[in-house]
Amino acid sequence: MSREQAPDPGRKAAVGPSAGVASGLRPWARRERIDRGIKARSDDISVLASPRDLAWLLLPRTLPIAALLVFPLLGGLTGSYWQAVMLNTLVIALLALSWDLLASVGLISLGQSFFFGIGGYLAGILDTQFKLGPLVGIALATILGAVLATALLLPLLRLRGIYFGLITFALPLLLMRLVETTGALGGTEGMSGLTALPNRTVELYLLIAALLATVAGFRRLSASDRGLVLHALRDNDRAVLAAGFSLPWLRTQAVFWAALPATFAGAFVTHRYQFVGMPAFSIEYSTLPLTSAVVGGTGGFFGAVVGAFLLVPLSELLRGFGSLRVVVYSLVLLGFILVLPEGIFRFAARKYAQEERVVPLGEGQECPPPS
Amino acid sequence: MKVLIVSTLIYGLVQGATLMLTALGFSLTFGLSGVANFAHGGLYLLSGFLAWALVNRLGMPFPLAAAATVLLVALLGAAVYRLVLRPVRGITLSEVISTFALGVALIEGFRWRGFTTYDFSLPPFWPGEVEIAGVSVDRQRLAIVGAGFLLPLALWAFTHHTRVGLALRGMAQDETTALAMGIDSDWAATLSLSLGAGLAAVAAVLLLPLGIISINTGYEVLLVALAVTVLGGLESTAGMIVGSLLIGFAVVITGNFVGPHLSEVVYLGALVLVLGLKPSGLLGRSKEIEERV
């Protein structure tokens with residue numbers, strides 16, 4: 001009973017006669033997915049059998065975190081360029097996490113730059129008005145920004161599906177135009193000369209800590225009772241309503257939690273560049289996180305981070321090619337939606353834990369050829 | 001003062017017709033198949049450059065090039081459904097993302113290939129100007145007003161009085177019943193995408209002669225289409241006419257009396273306000289339950 005059959009082998013069942021012949025089985029065979037032995041052992045048996053099992057189980061969980069924590073110390077090896085790329089990657093990863101939480105509640109956001117820009121501008125205002133220093137400023141801007149963003153979205157939270165997408169698409173553009181035309185908050189000039197963060201290592205560790213805390217926090221939230229209700233919002237909101245929950249209140253909570261990493265990212269970037277302006281609402285901060293989440297795989301939060309770590313460095317490599325960069329990642333996005341909608345993370349996780357094999361279709365049973 | 005009022009009236013009407021033409025394809029596709037075609041702006045831009053290439057590279061006369069453009073882009077719309085949308089049909093998120101990605105890829109692709117100079121412009125169908133009550137208006141704008149009000153009416157007749165149009169509306173209203181009546185869902189959606197793309201091309205060949213073809217038009221067109229469609233309400237021709245006239249006059253009035261840079265704020269503000277207050281739009285009825293709980 002060490003090997004269990006995968007829950008839905010049917011999806012991969014369409015295999016022509018050649019596969020059966022090649023593997024020396026009956027002419028009509030299908031592929032099925034089963035858990036690798038090592039997965040079954042480490043899942044089912046509480047005593048781990050060998051160091052190999054232990055490594056199989058722990059390495060994928062600890063190695064990335066260890067690599068993240070060591071990265072800032074290797075400044076001499078990586079050079080400041082890749083450190084800057086890492087900063088961008090982490091910022092996009094935070095926005096992608098925020099997107100993923102919203103999506104798991106059934107709210108499709110096409111405008112993560114809304115949260116990002118609010119966090120960024122609040123940090124700018126706090127810094128120019130009160131001079132609290134970057135760390136206190138970022139913390140305050142994160143929390144106040146999340147409150148403000150949630151409050152602004154509050155009247156719109158009855159919307160769902162594509163209508164929420166439309167409104168989030170329009171809001172950052174609207175705010176950007178308002179800043180441009182009214183000249184408020186520095187207008188087209190923005191606010192510059194803000195307080196800088198101490199140094200690059202502090203910047204990196206701040207973001208890494210935020211990323212790890214966000215992933216852990218969101219996963220814990222998803223696993224809690226409240227998280228179950230939130231996911232049910234996406235799957236069947238009328239059932240949640242019938243169970244006596246207040247939908248707007250649940251959505252308000254979800255938007256608040258989702259806003260936190262995004263406003264943090266905005267506030268951080270403001271202090272990093274010592275500048276905040278209209279680019280904070282630019283569409284790039286909406287499309288890159290969305291693409292990251294889709295490429296990595298939505299739901300579960302690891303996918304969003306993996307997506308950002310693949311996509312942002314790629315995007316940086318293409319920076320010299322002007323808008324070809326945007327074309328490439330749009331096409332990557334399109335390709336993933338069509339070909340691998342589960343995303344890279346789930347795909348890789350499945351390959352890691354399961355293997356495929358060809359099995360005959362039933363004992364002594366002839367199947368008609370697929371039409 | 002009188003001239004200002006007359007010019008506000010005339011240009012408001014022109015602006016309204018422009019918005020209506022811009023939004024028509026998007027609104028039709030959204031109303032008939034529920035697909036928010038975020039590639040609308042990309043298709044619009046593509047139509048402009050395609051017509052330009054047919055005129056300037058192949059030496060076609062402009063009316064012929066315009067007709068060919070509309071036909072080709074309509075075919076492309078059908079292909080977009082078959083290749084890009086059918087695999088993800090019914091998953092709203094994936095539909096939006098895939099069309100959005102396609103649109104951005106088109107627009108940024110043109111930017112990358114250097115379609116950004118002032119060389120790209122289309123000739124007007126009907127050159128010259130006329131003077132109405134002391135305000136001179138070029139004839140292309142009058143043609144736009146004419147087309148802007150005739151096309152929605154023609155489409156209304158098409159969707160209410162032809163078998164094909166009724167089949168499409170049946171599919172939009174109740175897919176299960178429509179399937180039971182023998183209407184093919186994929187066929188209906190392909191047709192609605194193709195019509196929407198064709199209308200984007202019609203708008204492009206009518207509107208682009210007013211200026212040069214600039215890349216950012218692609219994004220503006222999408223915004224305008226969203227604002228007008230949402231404001232007027234889905235599936236409501238009257239709503240669309242009222243919506244585009246409202247926004248058109250609002251844009252011209254703010255442009256004349258407040259400041260010329262505020263026009264985009266008007267679209268976006270209208271979009272946000274309507275979605276917040278009455279998401280089914282001014283005259284929409286049928287989708288009230290689906291969009292919110």
# chains A, B, ... in the order shown; residues from 1 in each chain; ligands from 1
>>> interface_residues(of="chain B", to="chain A", cutoff="7 Å", atoms="only C-alpha atoms", output="short mmCIF file (atom, residue, chain, number, x, y, z; two decimals) with N, CA and C atoms, in the first residue's frame")
data_model
loop_
_atom_site.label_atom_id
_atom_site.label_comp_id
_atom_site.auth_asym_id
_atom_site.auth_seq_id
_atom_site.Cartn_x
_atom_site.Cartn_y
_atom_site.Cartn_z
N PRO B 87 -9.66 27.62 -25.85
CA PRO B 87 -9.11 26.76 -24.80
C PRO B 87 -9.45 27.22 -23.39
N VAL B 88 -9.75 28.50 -23.21
CA VAL B 88 -10.00 28.99 -21.85
C VAL B 88 -11.43 29.48 -21.67
N THR B 92 -13.35 33.22 -16.64
CA THR B 92 -13.30 34.67 -16.88
C THR B 92 -11.88 35.20 -16.78
N LEU B 93 -11.21 34.80 -15.70
CA LEU B 93 -9.86 35.31 -15.47
C LEU B 93 -8.96 35.03 -16.66
N SER B 94 -9.01 33.79 -17.16
CA SER B 94 -8.11 33.44 -18.26
C SER B 94 -8.51 34.14 -19.54
N SER B 98 -5.81 36.41 -21.30
CA SER B 98 -5.27 36.05 -22.61
C SER B 98 -5.54 37.15 -23.64
N ALA B 101 -3.22 40.07 -22.79
CA ALA B 101 -1.84 39.80 -23.20
C ALA B 101 -1.70 39.96 -24.71
N LEU B 102 -2.68 39.46 -25.44
CA LEU B 102 -2.62 39.58 -26.91
C LEU B 102 -2.63 41.06 -27.33
N VAL B 104 -1.76 43.75 -25.53
CA VAL B 104 -0.51 44.42 -25.17
C VAL B 104 0.60 43.99 -26.11
N ALA B 105 0.64 42.70 -26.45
CA ALA B 105 1.68 42.21 -27.36
C ALA B 105 1.57 42.91 -28.72
N GLU B 108 2.55 46.82 -28.12
CA GLU B 108 3.97 47.01 -27.86
C GLU B 108 4.83 46.49 -29.01
N GLY B 109 4.29 45.50 -29.72
CA GLY B 109 4.99 45.01 -30.91
C GLY B 109 5.13 46.11 -31.95
N ARG B 111 5.12 49.28 -31.29
CA ARG B 111 6.06 50.26 -30.75
C ARG B 111 7.49 49.79 -30.99
N TRP B 112 7.71 48.51 -30.75
CA TRP B 112 9.05 47.94 -30.89
C TRP B 112 9.53 48.01 -32.35
N HIS B 261 -6.76 68.76 -20.30
CA HIS B 261 -6.12 67.50 -19.94
C HIS B 261 -7.04 66.57 -19.18
N LEU B 262 -8.26 67.05 -18.92
CA LEU B 262 -9.11 66.28 -18.01
C LEU B 262 -9.94 65.21 -18.71
N VAL B 265 -9.69 61.79 -17.35
CA VAL B 265 -10.31 61.72 -16.02
C VAL B 265 -11.81 61.51 -16.15
N LEU B 268 -12.52 57.81 -17.00
CA LEU B 268 -12.22 56.93 -15.87
C LEU B 268 -13.17 57.20 -14.72
N GLY B 269 -13.45 58.49 -14.48
CA GLY B 269 -14.37 58.83 -13.40
C GLY B 269 -15.74 58.25 -13.66
N VAL B 272 -15.63 54.49 -12.97
CA VAL B 272 -15.61 54.15 -11.54
C VAL B 272 -16.95 54.45 -10.89
N GLY B 276 -19.51 51.72 -9.32
CA GLY B 276 -19.80 51.77 -7.90
C GLY B 276 -21.29 51.90 -7.62
N GLU B 291 -23.41 40.34 -11.77
CA GLU B 291 -22.20 41.07 -11.51
C GLU B 291 -21.94 41.30 -10.03
N ARG B 292 -22.93 41.09 -9.21
CA ARG B 292 -22.67 41.31 -7.80
C ARG B 292 -23.62 40.47 -6.96
N VAL B 293 -23.26 40.30 -5.72
CA VAL B 293 -24.14 39.62 -4.80
C VAL B 293 -24.42 40.56 -3.65
#
>>> select_by_dssp(residues="stretch 11-235 of chain B", states="strand (DSSP E)", output="list in words")
Glu129, Val130, Glu131, Ile132, Val135, Ser136, Val137 and Asp138 of chain B
>>> write_last_selection(atoms="N, CA and C atoms", output="PDB file, in the first residue's frame")
ATOM      1  N   GLU B 129     -14.156  71.020 -45.607  1.00  0.00           N
ATOM      2  CA  GLU B 129     -14.893  71.398 -44.411  1.00  0.00           C
ATOM      3  C   GLU B 129     -16.183  72.110 -44.797  1.00  0.00           C
ATOM      4  N   VAL B 130     -17.115  72.128 -43.884  1.00  0.00           N
ATOM      5  CA  VAL B 130     -18.311  72.930 -44.087  1.00  0.00           C
ATOM      6  C   VAL B 130     -18.458  73.838 -42.878  1.00  0.00           C
ATOM      7  N   GLU B 131     -19.291  74.889 -43.033  1.00  0.00           N
ATOM      8  CA  GLU B 131     -19.487  75.810 -41.925  1.00  0.00           C
ATOM      9  C   GLU B 131     -20.920  75.699 -41.434  1.00  0.00           C
ATOM     10  N   ILE B 132     -21.075  75.416 -40.144  1.00  0.00           N
ATOM     11  CA  ILE B 132     -22.411  75.317 -39.568  1.00  0.00           C
ATOM     12  C   ILE B 132     -22.529  76.385 -38.500  1.00  0.00           C
ATOM     13  N   VAL B 135     -19.354  77.819 -37.227  1.00  0.00           N
ATOM     14  CA  VAL B 135     -18.307  76.915 -36.754  1.00  0.00           C
ATOM     15  C   VAL B 135     -17.918  76.011 -37.911  1.00  0.00           C
ATOM     16  N   SER B 136     -16.621  75.960 -38.235  1.00  0.00           N
ATOM     17  CA  SER B 136     -16.245  75.105 -39.356  1.00  0.00           C
ATOM     18  C   SER B 136     -15.942  73.695 -38.851  1.00  0.00           C
ATOM     19  N   VAL B 137     -16.499  72.746 -39.576  1.00  0.00           N
ATOM     20  CA  VAL B 137     -16.352  71.345 -39.203  1.00  0.00           C
ATOM     21  C   VAL B 137     -15.875  70.617 -40.446  1.00  0.00           C
ATOM     22  N   ASP B 138     -14.850  69.758 -40.319  1.00  0.00           N
ATOM     23  CA  ASP B 138     -14.483  69.040 -41.536  1.00  0.00           C
ATOM     24  C   ASP B 138     -15.452  67.900 -41.798  1.00  0.00           C
TER      25      ASP B 138
END
>>> residues_around(residues="B:Leu282", least_positions_apart="2", cutoff="8 Å", atoms="only C-alpha atoms", output="PyMOL selection string")
chain B and resi 231-233+239+243+278+280+284
>>> select_by_dssp(residues="stretch 89-173 of chain B", states="alpha helix (DSSP H)", output="VMD selection string")
chain B and resid 92 to 112 139 to 161 163 to 173
>>> residues_around(residues="B:Trp156", least_positions_apart="3", cutoff="10 Å", atoms="only C-alpha atoms", output="ChimeraX atom specification")
/B:150-153,159-162,165,235-238
